[in-house]
Amino acid sequence: MANENELYDVIIIGGGPTGLFAAFYSGMRDMKTKVIESNSRLGGKVAQFYPEKYLYDIGGIPKISGEELVGQMIKQASKHDPAIVYGQYVENIVKQEDGTFTLTTNTEEKHYAKTVIIATGFGIYEAERLSSANASIYEDSQINYTINNMEKFSGKTVMVVSPNRVGVDWALALESVAQRVIVVNGNGAFQHMGDGDEERLNESSVEVKMFSQVAELIGSGQQLEAAKIVDQSTGEEEVISVDQLLVYQGISFKPAPFQHWDLRTEKNKITVDAGMSANIEGIFAAGDAVHYSNKSMLIASGYTEASTAVNSAKSYINPKASAQVYSTVVYKNE
Ligand SMILES: Cc1cc2nc3c(=O)[nH]c(=O)nc-3n(C[C@H](O)[C@H](O)[C@H](O)COP(=O)(O)OP(=O)(O)OC[C@H]3O[C@@H](n4cnc5c(N)ncnc54)[C@H](O)[C@@H]3O)c2cc1C
């Protein structure tokens, strides 16, 4: 078991695209690395907001789904076996007299490092939970707040509970893999629909239940079997067999506490120099968390910034270290 009091060369806060690439790259630089991710899974906004969508702007990869990209990023990040801590939100970063950092999380655990790379994006997003009675029984198995694994829905009856375009997008993405898709919307219209969304929905095999709400979840033991929905305009009840529920009812956002960490910010993001150093020596930042002139909010930018941040952290620990890894072709058959 890992020694929790161990001093790491670098702690990376955030396991999104930037943090994952930083974890891979710091392994290449022979740095003892730990990643702390507040969520129960890695992948950041890609995993949370668009796992089922395709990305076309990752260099060298013409087309890849968010889910596949997250899988590849995790595989790459794992190459040098970094320590990964899930479900802990970093609340405090304190620089000690000896120059090392002590990080404290919401679970009151402490983590120790010579350098810190902040890859938190803007902060954390939490999905609004389904409030139906006994929903908590099925939360981890059959109630989903994003599509992070298409396979899970393959051949299944999926009920999408959402008053929003996000739910419509999900339903349409699942149409080709699921056996049956039903969208349940408590309102009379979907919010934020774009051009052609209404038509795409009408032309699809997705069933839509407007003015309807999930009144009760029915199952045996830990197994969800059906959902009772009520049409609020008529009072009519219907019990529908379901295998999986997919819920989008909005998200809450908690901004990253950069000022609380005494970091200089602009537009609520950390200002960095060309080496991705923040105003506290030994703290570096990358990805959506940072601001500089002409910064772009792209995965590709996060990757570059992550490797720069890691190289700077390496030089900070060992000023005689080479400035970068000049080639990875040493990895032959792996
Ligand atoms: C709908 C949508 C579509 C997009 N499409 C594209 C696209 O096609 N191409 C592209 O290049 N970019 C796209 N982007 C932007 C891209 O997703 C971001 O640039 C990228 O996710 C930034 O990665 P990151 O790791 O810096 O931050 P994030 O992805 O935000 O990851 C930050 C991670 O840090 C964790 N975290 C935050 N605070 C703490 C804390 N205090 N303690 C512990 N963990 C913490 C969070 O839980 C999260 O997992 C899109 C974004 C959205 C929302």
# chains A, B, ... in the order shown; residues from 1 in each chain; ligands from 1

$ residues_around --residues "region 38-40 of chain A" --least-positions-apart "4" --cutoff "7 Å" --atoms "only C-alpha atoms" --output "list in words"
Tyr86, Gly87, Gln88 and Tyr89 of chain A

$ residues_around --residues "Ser312 (chain A)" --least-positions-apart "6" --cutoff "10 Å" --atoms "only C-alpha atoms" --output "list in words"
Thr115, Ala274, Gly275, Met276, Ser277, Gly282, Ile283, Phe284, Ala306, Asn318, Pro319, Ala323 and Gln324 of chain A

$ residues_around --residues "Thr308 (chain A)" --least-positions-apart "3" --cutoff "12 Å" --atoms "only C-alpha atoms" --output "ChimeraX atom specification"
/A:18,21-22,25-26,29,117,272-277,284-287,301-305,311-315,323-325

$ residues_near_ligand --ligand "ligand 1" --cutoff "6 Å" --atoms "only C-alpha atoms and all ligand atoms" --output "PyMOL selection string"
chain A and resi 13-19+36-39+42-46+49-50+55+57+88-91+119-121+123-124+256+287-289+297-300+302

$ write_last_selection --atoms "C-alpha atoms" --output "PDB file, in the first residue's frame"
ATOM      1  CA  ILE A  13      -4.547  18.658  -9.210  1.00  0.00           C
ATOM      2  CA  GLY A  14      -7.190  17.532 -11.706  1.00  0.00           C
ATOM      3  CA  GLY A  15      -7.459  14.433 -13.876  1.00  0.00           C
ATOM      4  CA  GLY A  16      -8.872  16.032 -17.024  1.00  0.00           C
ATOM      5  CA  PRO A  17      -7.034  15.988 -20.383  1.00  0.00           C
ATOM      6  CA  THR A  18      -4.379  18.418 -19.115  1.00  0.00           C
ATOM      7  CA  GLY A  19      -3.762  16.633 -15.816  1.00  0.00           C
ATOM      8  CA  ILE A  36      -5.742  14.129  -7.259  1.00  0.00           C
ATOM      9  CA  GLU A  37      -9.167  14.156  -8.935  1.00  0.00           C
ATOM     10  CA  SER A  38     -12.307  15.257  -7.114  1.00  0.00           C
ATOM     11  CA  ASN A  39     -14.558  13.156  -9.314  1.00  0.00           C
ATOM     12  CA  LEU A  42     -10.968  10.735 -14.884  1.00  0.00           C
ATOM     13  CA  GLY A  43     -11.418  12.695 -18.109  1.00  0.00           C
ATOM     14  CA  GLY A  44     -12.586  16.130 -16.930  1.00  0.00           C
ATOM     15  CA  LYS A  45     -15.066  17.964 -19.130  1.00  0.00           C
ATOM     16  CA  VAL A  46     -14.649  15.450 -21.967  1.00  0.00           C
ATOM     17  CA  PHE A  49     -20.040  16.761 -21.070  1.00  0.00           C
ATOM     18  CA  TYR A  50     -19.389  15.072 -24.377  1.00  0.00           C
ATOM     19  CA  LEU A  55     -13.739  15.425 -31.680  1.00  0.00           C
ATOM     20  CA  ASP A  57      -9.203  18.662 -33.619  1.00  0.00           C
ATOM     21  CA  GLN A  88     -10.863  14.161  -3.124  1.00  0.00           C
ATOM     22  CA  TYR A  89     -11.256  17.877  -3.734  1.00  0.00           C
ATOM     23  CA  VAL A  90      -8.115  19.895  -2.971  1.00  0.00           C
ATOM     24  CA  GLU A  91      -9.105  22.740  -0.658  1.00  0.00           C
ATOM     25  CA  ALA A 119      -4.937  21.395 -13.936  1.00  0.00           C
ATOM     26  CA  THR A 120      -8.348  22.003 -12.428  1.00  0.00           C
ATOM     27  CA  GLY A 121     -10.011  23.693 -15.380  1.00  0.00           C
ATOM     28  CA  GLY A 123     -13.595  24.264 -11.244  1.00  0.00           C
ATOM     29  CA  ILE A 124     -15.994  21.387 -10.729  1.00  0.00           C
ATOM     30  CA  ALA A 256     -11.703  26.641  -8.386  1.00  0.00           C
ATOM     31  CA  GLY A 287      -5.038  23.912 -19.386  1.00  0.00           C
ATOM     32  CA  ASP A 288      -8.363  25.651 -18.881  1.00  0.00           C
ATOM     33  CA  ALA A 289      -7.186  26.828 -15.435  1.00  0.00           C
ATOM     34  CA  MET A 297      -9.412  26.694 -24.462  1.00  0.00           C
ATOM     35  CA  LEU A 298      -8.534  23.532 -26.321  1.00  0.00           C
ATOM     36  CA  ILE A 299      -7.330  20.095 -25.355  1.00  0.00           C
ATOM     37  CA  ALA A 300      -4.305  20.567 -27.631  1.00  0.00           C
ATOM     38  CA  GLY A 302      -3.625  21.931 -22.454  1.00  0.00           C
TER      39      GLY A 302
END

$ residues_around --residues "Ile182 (chain A)" --least-positions-apart "5" --cutoff "9 Å" --atoms "only C-alpha atoms" --output "list of chain:residue names"
A:Thr157, A:Val158, A:Met159, A:Val160, A:Val161, A:Ala171, A:Val206, A:Glu207, A:Val208, A:Lys209

$ write_last_selection --atoms "C-alpha atoms" --output "PDB file, in the first residue's frame"
ATOM      1  CA  THR A 157     -34.388   0.241 -22.816  1.00  0.00           C
ATOM      2  CA  VAL A 158     -33.136   3.664 -21.793  1.00  0.00           C
ATOM      3  CA  MET A 159     -35.227   6.393 -20.217  1.00  0.00           C
ATOM      4  CA  VAL A 160     -33.696   9.845 -20.631  1.00  0.00           C
ATOM      5  CA  VAL A 161     -35.025  12.297 -18.051  1.00  0.00           C
ATOM      6  CA  ALA A 171     -31.419  10.231 -26.816  1.00  0.00           C
ATOM      7  CA  VAL A 206     -37.144   8.163 -29.828  1.00  0.00           C
ATOM      8  CA  GLU A 207     -40.407   8.299 -27.847  1.00  0.00           C
ATOM      9  CA  VAL A 208     -41.135  11.576 -26.086  1.00  0.00           C
ATOM     10  CA  LYS A 209     -43.293  12.028 -22.983  1.00  0.00           C
TER      11      LYS A 209
END

$ atom_distance --atom1 "CA of Val230 (chain A)" --atom2 "CA of Gln213 (chain A)"
5.5 Å

$ select_by_dssp --residues "region 66-205 of chain A" --states "helix (DSSP H, G or I)" --output "ChimeraX atom specification"
/A:66-80,135-138,150-153,165-174,197-203

$ closest_residue --among "A:Gly155, A:Gly27, A:Gly250, A:Gly219" --to "Gln142 (chain A)" --atoms "only C-alpha atoms"
A:Gly219

$ residues_around --residues "Glu126 (chain A)" --least-positions-apart "2" --cutoff "7 Å" --atoms "only C-alpha atoms" --output "number ranges by chain"
A: 124, 128, 251-253

$ write_last_selection --atoms "all heavy atoms" --output "mmCIF file, in the first residue's frame"
data_model
loop_
_atom_site.group_PDB
_atom_site.id
_atom_site.type_symbol
_atom_site.label_atom_id
_atom_site.label_comp_id
_atom_site.auth_asym_id
_atom_site.auth_seq_id
_atom_site.Cartn_x
_atom_site.Cartn_y
_atom_site.Cartn_z
ATOM 1 N N ILE A 124 -15.284 22.666 -10.589
ATOM 2 C CA ILE A 124 -15.994 21.387 -10.729
ATOM 3 C C ILE A 124 -17.487 21.595 -11.028
ATOM 4 O O ILE A 124 -18.100 22.567 -10.614
ATOM 5 C CB ILE A 124 -15.819 20.471 -9.503
ATOM 6 C CG1 ILE A 124 -16.254 21.171 -8.218
ATOM 7 C CG2 ILE A 124 -14.397 19.980 -9.373
ATOM 8 C CD1 ILE A 124 -16.396 20.207 -7.056
ATOM 9 N N GLU A 128 -27.289 17.752 -11.285
ATOM 10 C CA GLU A 128 -28.422 17.737 -10.355
ATOM 11 C C GLU A 128 -28.986 16.319 -10.313
ATOM 12 O O GLU A 128 -29.288 15.735 -11.355
ATOM 13 C CB GLU A 128 -29.479 18.718 -10.857
ATOM 14 C CG GLU A 128 -30.433 19.162 -9.792
ATOM 15 C CD GLU A 128 -31.460 20.133 -10.367
ATOM 16 O OE1 GLU A 128 -31.051 21.177 -10.917
ATOM 17 O OE2 GLU A 128 -32.649 19.808 -10.299
ATOM 18 N N ILE A 251 -26.733 21.483 -14.133
ATOM 19 C CA ILE A 251 -25.520 21.234 -13.361
ATOM 20 C C ILE A 251 -25.229 22.432 -12.468
ATOM 21 O O ILE A 251 -25.614 23.549 -12.781
ATOM 22 C CB ILE A 251 -24.290 20.997 -14.274
ATOM 23 C CG1 ILE A 251 -24.249 22.042 -15.390
ATOM 24 C CG2 ILE A 251 -24.237 19.604 -14.822
ATOM 25 C CD1 ILE A 251 -22.949 22.068 -16.104
ATOM 26 N N SER A 252 -24.557 22.159 -11.358
ATOM 27 C CA SER A 252 -24.096 23.270 -10.530
ATOM 28 C C SER A 252 -22.582 23.370 -10.692
ATOM 29 O O SER A 252 -21.915 22.367 -10.968
ATOM 30 C CB SER A 252 -24.485 23.067 -9.075
ATOM 31 O OG SER A 252 -23.858 21.910 -8.597
ATOM 32 N N PHE A 253 -22.081 24.560 -10.555
ATOM 33 C CA PHE A 253 -20.667 24.811 -10.790
ATOM 34 C C PHE A 253 -20.022 25.401 -9.540
ATOM 35 O O PHE A 253 -20.567 26.314 -8.931
ATOM 36 C CB PHE A 253 -20.535 25.789 -11.969
ATOM 37 C CG PHE A 253 -19.133 26.289 -12.188
ATOM 38 C CD1 PHE A 253 -18.113 25.403 -12.495
ATOM 39 C CD2 PHE A 253 -18.836 27.638 -12.066
ATOM 40 C CE1 PHE A 253 -16.812 25.858 -12.689
ATOM 41 C CE2 PHE A 253 -17.544 28.095 -12.269
ATOM 42 C CZ PHE A 253 -16.534 27.206 -12.575
#

$ closest_residue --among "A:Val94, A:Ile58, A:Ile74, A:Ile64" --to "Arg41 (chain A)" --atoms "only C-alpha atoms"
A:Ile74
